[in-house]
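Next comes run_24.txt, a file with compact mmCIF, C-alpha atoms.
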# COMPACT_ATOMS: atom_id res chain seq x y z
CA MET A 15 97.77 110.69 94.82
CA ASN A 16 101.11 108.86 94.91
CA ILE A 17 101.24 106.57 97.95
CA ALA A 18 104.59 105.29 99.23
CA ALA A 19 103.72 102.23 101.33
CA TRP A 20 106.60 101.29 103.62
CA SER A 21 107.11 97.88 105.19
CA GLY A 22 109.59 95.07 105.56
CA PRO A 23 109.19 91.64 103.96
CA ARG A 24 106.53 89.08 104.99
CA ASN A 25 104.28 91.85 106.22
CA LEU A 26 101.07 91.54 104.19
CA SER A 27 102.64 94.02 101.77
CA THR A 28 101.86 92.03 98.62
CA ALA A 29 98.25 91.47 99.68
CA MET A 30 97.97 95.22 100.26
CA MET A 31 99.35 95.86 96.78
CA TYR A 32 96.73 93.47 95.41
CA ALA A 33 94.02 95.31 97.36
CA PHE A 34 94.98 98.57 95.67
CA GLY A 35 95.44 96.78 92.36
CA ALA A 36 91.80 95.73 92.60
CA ARG A 37 90.71 99.39 92.52
CA GLY A 38 89.63 100.69 89.14
CA ASP A 39 91.30 104.05 89.83
CA ALA A 40 94.70 102.73 90.96
CA ALA A 41 98.02 101.64 89.47
CA VAL A 42 100.62 99.76 91.52
CA TRP A 43 104.41 99.33 91.46
CA ASP A 44 106.09 96.39 93.18
CA GLU A 45 109.31 97.24 95.11
CA PRO A 46 110.64 99.90 92.74
CA PHE A 47 114.13 100.10 94.29
CA TYR A 48 114.83 96.34 94.55
CA ALA A 49 117.13 96.05 91.52
CA ALA A 50 119.07 99.19 92.46
CA TYR A 51 119.39 97.95 96.05
CA LEU A 52 120.87 94.61 94.99
CA GLU A 53 123.25 96.17 92.48
CA MET A 54 124.45 98.78 94.98
CA THR A 55 124.94 96.35 97.87
CA GLY A 56 126.01 93.17 96.09
CA LEU A 57 123.86 91.16 98.48
CA ASP A 58 122.93 87.59 97.61
CA HIS A 59 119.13 87.33 97.37
CA PRO A 60 116.98 84.62 95.80
CA MET A 61 116.69 85.35 92.05
CA GLY A 62 119.14 88.23 92.46
CA ALA A 63 120.51 88.11 88.91
CA GLU A 64 117.02 88.08 87.44
CA ILE A 65 115.96 91.01 89.62
CA ILE A 66 118.93 93.14 88.60
CA ALA A 67 118.43 92.28 84.93
CA ALA A 68 114.76 93.27 85.11
CA GLY A 69 115.67 96.67 86.59
CA PRO A 70 115.42 99.61 86.79
CA ARG A 71 118.86 99.86 88.40
CA ASP A 72 119.30 103.66 88.59
CA PRO A 73 117.88 104.86 91.93
CA ASP A 74 117.52 108.43 90.66
CA GLU A 75 115.36 107.19 87.79
CA VAL A 76 113.22 105.23 90.24
CA ALA A 77 112.86 108.22 92.55
CA ALA A 78 111.75 110.45 89.69
CA ARG A 79 109.11 107.91 88.63
CA CYS A 80 107.88 107.55 92.21
CA ALA A 81 107.27 111.30 92.40
CA ALA A 82 105.55 111.57 89.01
CA PRO A 83 102.00 110.67 87.98
CA HIS A 84 101.62 107.11 86.77
CA PRO A 85 101.81 106.83 82.95
CA SER A 86 98.38 105.19 82.90
CA GLY A 87 96.80 108.41 84.15
CA ARG A 88 95.10 106.60 87.03
CA PRO A 89 94.77 109.02 89.95
CA VAL A 90 95.96 106.63 92.70
CA PHE A 91 99.54 105.36 92.31
CA TYR A 92 100.35 102.80 95.02
CA GLN A 93 104.03 101.98 95.48
CA LYS A 94 105.00 98.95 97.56
CA HIS A 95 108.38 99.86 99.09
CA MET A 96 110.73 97.85 101.29
CA THR A 97 112.25 100.09 103.95
CA HIS A 98 115.65 98.37 103.82
CA HIS A 99 116.01 99.34 100.15
CA MET A 100 116.54 102.99 101.19
CA ILE A 101 120.28 102.71 101.70
CA GLU A 102 122.91 105.44 101.61
CA GLY A 103 123.13 106.79 98.08
CA VAL A 104 119.41 106.50 97.38
CA SER A 105 117.82 109.95 97.25
CA ARG A 106 114.92 110.86 99.50
CA ASP A 107 114.21 114.16 97.78
CA TRP A 108 111.02 112.66 96.34
CA PHE A 109 109.53 112.01 99.79
CA SER A 110 107.80 115.40 99.83
CA SER A 111 105.93 114.53 96.61
CA VAL A 112 104.13 111.45 97.97
CA THR A 113 101.78 110.43 100.76
CA HIS A 114 103.41 108.00 103.18
CA LEU A 115 101.77 104.83 104.52
CA PHE A 116 103.49 102.55 107.04
CA LEU A 117 102.43 98.91 107.21
CA ILE A 118 103.54 97.30 110.47
CA ARG A 119 103.51 93.73 111.79
CA HIS A 120 104.78 92.11 114.98
CA PRO A 121 108.38 90.99 114.33
CA ALA A 122 107.75 87.47 115.65
CA ARG A 123 105.24 86.89 112.84
CA VAL A 124 107.55 88.45 110.26
CA LEU A 125 110.53 86.32 111.28
CA ALA A 126 108.58 83.07 111.43
CA SER A 127 107.52 83.65 107.82
CA TYR A 128 110.78 85.14 106.50
CA ALA A 129 112.98 82.34 107.80
CA LYS A 130 111.07 79.86 105.65
CA LYS A 131 112.22 81.71 102.54
CA ARG A 132 115.72 82.95 103.46
CA GLU A 133 117.97 81.54 106.16
CA ASN A 134 119.68 83.36 109.02
CA PRO A 135 118.03 86.77 108.77
CA VAL A 136 119.53 89.69 110.67
CA LEU A 137 117.80 92.84 111.86
CA ASP A 138 118.54 94.88 108.73
CA ASP A 139 117.02 92.18 106.50
CA ILE A 140 113.53 92.71 107.92
CA GLY A 141 113.40 96.49 107.78
CA PHE A 142 112.14 97.42 111.27
CA ARG A 143 115.00 99.75 112.13
CA GLN A 144 114.76 101.45 108.76
CA GLN A 145 110.97 101.72 109.00
CA SER A 146 111.02 103.65 112.27
CA GLU A 147 113.81 105.88 110.94
CA ILE A 148 111.87 106.71 107.77
CA PHE A 149 108.72 107.29 109.83
CA GLU A 150 110.49 109.84 112.01
CA ALA A 151 112.05 111.52 108.97
CA VAL A 152 108.64 111.91 107.33
CA ARG A 153 107.18 113.37 110.53
CA ALA A 154 110.12 115.75 110.92
CA ALA A 155 109.46 117.00 107.38
CA GLY A 156 105.92 117.98 108.39
CA GLN A 157 103.79 115.08 107.16
CA THR A 158 101.47 113.05 109.35
CA PRO A 159 102.00 109.54 107.94
CA VAL A 160 99.31 106.87 108.05
CA VAL A 161 100.07 103.66 109.99
CA ILE A 162 98.16 100.39 109.70
CA ASP A 163 98.83 97.08 111.44
CA SER A 164 98.55 93.88 109.42
CA HIS A 165 97.01 92.13 112.44
CA ASP A 166 94.10 94.60 112.37
CA ILE A 167 93.67 94.17 108.61
CA ARG A 168 93.37 90.40 108.90
CA ASP A 169 91.00 90.74 111.84
CA ASN A 170 88.65 93.11 109.97
CA PRO A 171 89.58 93.59 106.28
CA ALA A 172 86.53 95.59 105.20
CA GLY A 173 86.59 97.91 108.20
CA MET A 174 90.30 98.55 107.99
CA MET A 175 90.26 99.20 104.25
CA ASP A 176 87.48 101.75 104.80
CA ALA A 177 89.49 103.37 107.60
CA LEU A 178 92.59 103.43 105.41
CA CYS A 179 90.78 105.03 102.48
CA ASP A 180 89.35 107.67 104.82
CA ALA A 181 92.81 108.38 106.26
CA LEU A 182 94.31 108.68 102.77
CA ARG A 183 91.34 110.79 101.59
CA ILE A 184 90.55 108.55 98.66
CA PRO A 185 87.11 107.04 97.90
CA ARG A 186 86.20 103.86 99.74
CA ASP A 187 86.11 100.81 97.48
CA PRO A 188 84.54 97.56 98.75
CA GLY A 189 86.36 95.69 95.99
CA MET A 190 89.68 96.10 97.83
CA ILE A 191 89.11 92.96 99.92
CA ARG A 192 88.87 90.61 96.92
CA TRP A 193 91.15 89.90 93.96
CA PRO A 194 91.60 87.07 91.43
CA ALA A 195 93.85 84.16 92.34
CA GLY A 196 97.05 83.74 90.36
CA GLY A 197 98.93 86.97 90.95
CA HIS A 198 98.92 90.47 89.52
CA ALA A 199 100.22 91.69 86.17
CA ASP A 200 102.56 94.10 87.97
CA ASP A 201 104.21 91.52 90.25
CA GLY A 202 107.97 91.80 90.40
CA VAL A 203 110.10 89.17 88.68
CA TRP A 204 110.82 87.72 92.17
CA ALA A 205 107.18 86.68 92.64
CA PRO A 206 107.77 82.94 91.95
CA HIS A 207 110.02 82.70 95.01
CA TRP A 208 108.12 84.89 97.49
CA TYR A 209 104.45 85.10 96.48
CA ASP A 210 103.22 81.50 96.35
CA ALA A 211 100.75 81.90 99.22
CA VAL A 212 99.29 85.20 98.05
CA HIS A 213 99.00 83.84 94.50
CA ARG A 214 96.64 81.20 95.89
CA SER A 215 94.59 83.81 97.72
CA THR A 216 91.52 85.73 96.65
CA GLY A 217 91.51 88.06 99.65
CA PHE A 218 93.16 88.74 102.98
CA ALA A 219 93.81 85.67 105.14
CA GLY A 220 91.79 85.17 108.32
CA ALA A 221 92.55 86.53 111.75
CA GLU A 222 95.98 85.70 113.17
CA GLY A 223 96.41 83.33 116.10
CA PRO A 224 98.90 83.54 118.99
CA LEU A 225 102.40 84.78 118.33
CA PRO A 226 104.70 82.02 117.05
CA ALA A 227 107.49 80.61 119.21
CA LEU A 228 110.92 81.33 117.73
CA PRO A 229 114.29 79.58 118.10
CA ASP A 230 116.89 81.49 120.08
CA ASP A 231 118.65 83.03 117.07
CA LEU A 232 115.43 84.43 115.62
CA GLN A 233 114.21 85.50 119.06
CA ALA A 234 117.30 87.67 119.40
CA VAL A 235 116.44 89.41 116.11
CA CYS A 236 112.83 89.75 117.25
CA ASP A 237 113.91 91.38 120.52
CA ALA A 238 116.00 93.90 118.58
CA ALA A 239 113.12 94.68 116.20
CA LEU A 240 110.37 94.96 118.80
CA PRO A 241 111.15 98.52 120.01
CA HIS A 242 110.79 99.78 116.44
CA TYR A 243 107.40 98.07 116.06
CA ASP A 244 106.31 99.40 119.46
CA ALA A 245 107.28 102.96 118.44
CA LEU A 246 104.83 102.93 115.49
CA LYS A 247 102.06 100.83 117.06
CA PRO A 248 100.39 103.74 118.95
CA PHE A 249 99.82 105.53 115.63
CA ALA A 250 97.99 102.59 114.01
CA LEU A 251 94.54 103.18 112.52
CA LYS A 252 91.45 101.65 114.08
CA ALA A 253 88.31 100.65 112.21

Go through the file and emit its structure as structure tokens.
Amino acid sequence: MNIAAWSGPRNLSTAMMYAFGARGDAAVWDEPFYAAYLEMTGLDHPMGAEIIAAGPRDPDEVAARCAAPHPSGRPVFYQKHMTHHMIEGVSRDWFSSVTHLFLIRHPARVLASYAKKRENPVLDDIGFRQQSEIFEAVRAAGQTPVVIDSHDIRDNPAGMMDALCDALRIPRDPGMIRWPAGGHADDGVWAPHWYDAVHRSTGFAGAEGPLPALPDDLQAVCDAALPHYDALKPFALKA
């Protein structure tokens, strides 16, 4: 099974990749389209030159690899995708060849975390609009995508990983809630900038507290993102 896991940044997405990376039957791929996205848009991102150099930069090549079995032969191929990487010019023909998973998180939590790493984010930087659009496109094509909320994962990691495995129709694996500190061999080249907290972790962080207060500029972005989060929230798995 090839799993396309869709989220924006600062959304527990790396921890989820580590959870699947802890499975003996799974291979993972960290943000396959990132280099192509930066080269196509010319956007200035932390470590942008290093990301483009590390590649792959051809979106058609990436799409073909996403649809194919992993070269390792492992039966579960987990792909951590950023929704905002799916810009015009990036093919979606491969969507029918994968199972789609949508990882959601309240935009206030996303923005509070993202703004510590990259200043002045706008709505399209955090992927909420694109996530709801991709979700509806997958549903329109006849799939019933799986949705999971990062708040629920942190509140009950073992229960939610079991529920997720059941929804994906893959064997449950209790090892998914623990991984070694220090990162994963398949981390993207951008890991030194973005993954410091998860590199110190050995499992999912504890339950989340109240929503963070945001300054006015970030609150405006949060308000624009919230309808997209609310559209997917009713579909979220429960343990």

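The smallest atom-to-atom distance between Pro70 (chain A) and any of A:Pro206, A:Pro46, A:Gly103, A:Pro241, using only C-alpha atoms, is found for A:Pro46.
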
So that I can check the surroundings of Asp169 (chain A), please list as a CSV table (one decimal) with C-alpha atoms, in the frame of the given file every protein, DNA and RNA residue that reaches within 8 Å of it, counting all atoms listed in the file and ignoring chain neighbours fewer than 4 positions away.
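Generated file (selection37.csv):
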chain,number,residue,atom,x,y,z
A,165,HIS,CA,97.0,92.1,112.4
A,220,GLY,CA,91.8,85.2,108.3
A,221,ALA,CA,92.6,86.5,111.8
A,222,GLU,CA,96.0,85.7,113.2

With only C-alpha atoms as the atoms that count, which of A:Ala41, A:Val235, A:Ile167, A:Ile162 lies nearest to Pro135 (chain A)?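 Closest to Pro135 (chain A), using only C-alpha atoms: A:Val235.
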
From A:Ala122, A:Met61, A:Ala50, A:Val90, residue lying nearest Pro226 (chain A) [all atoms listed in the file]: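 For Pro226 (chain A), the nearest of the given residues is A:Ala122.
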
List every protein, DNA or RNA residue that has at least one atom no more than 8 Å from (93.4, 95.8, 108.6) in the file's coordinates, counting only C-alpha atoms, and write the result as a ChimeraX atom specification. /A:162-175,253

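Proximity to Lys131 (chain A) was assessed for A:Cys80, A:Ala234, A:Ile184, A:Ala211 counting all atoms listed in the file; the smallest distance is recorded for A:Ala211.
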
Counting all atoms listed in the file, figure out which residue out of A:Trp208, A:Tyr92, A:Tyr243, A:Tyr32 gets nearest to Phe149 (chain A).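 Among A:Trp208, A:Tyr92, A:Tyr243, A:Tyr32, it is A:Tyr243 that comes nearest to Phe149 (chain A).
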
Would you compute the distance between CA of Gly196 (chain A) and CA of His213 (chain A)? Give it in Å to one decimal.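 Between CA of Gly196 (chain A) and CA of His213 (chain A) the gap works out to 4.6 Å.
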
A:Ala68, A:Ala82, A:Ile118, A:Val124 ranked by distance to Pro248 (chain A), top pick (using all atoms listed in the file): A:Ile118

Once 6 Å is added on each side, what centre and edge lengths in Å to one decimal does the axis-aligned box around all listed atoms of region 27-45 of chain A have, as JSON?
{"center_x": 99.5, "center_y": 97.8, "center_z": 95.5, "size_x": 31.7, "size_y": 24.6, "size_z": 24.6}

Please tell me which residues are no farther than 12 Å from (88.6, 101.5, 87.1) in the file, counting all atoms listed in the file, and write them as a ChimeraX atom specification. /A:34-41,86-90,187,189
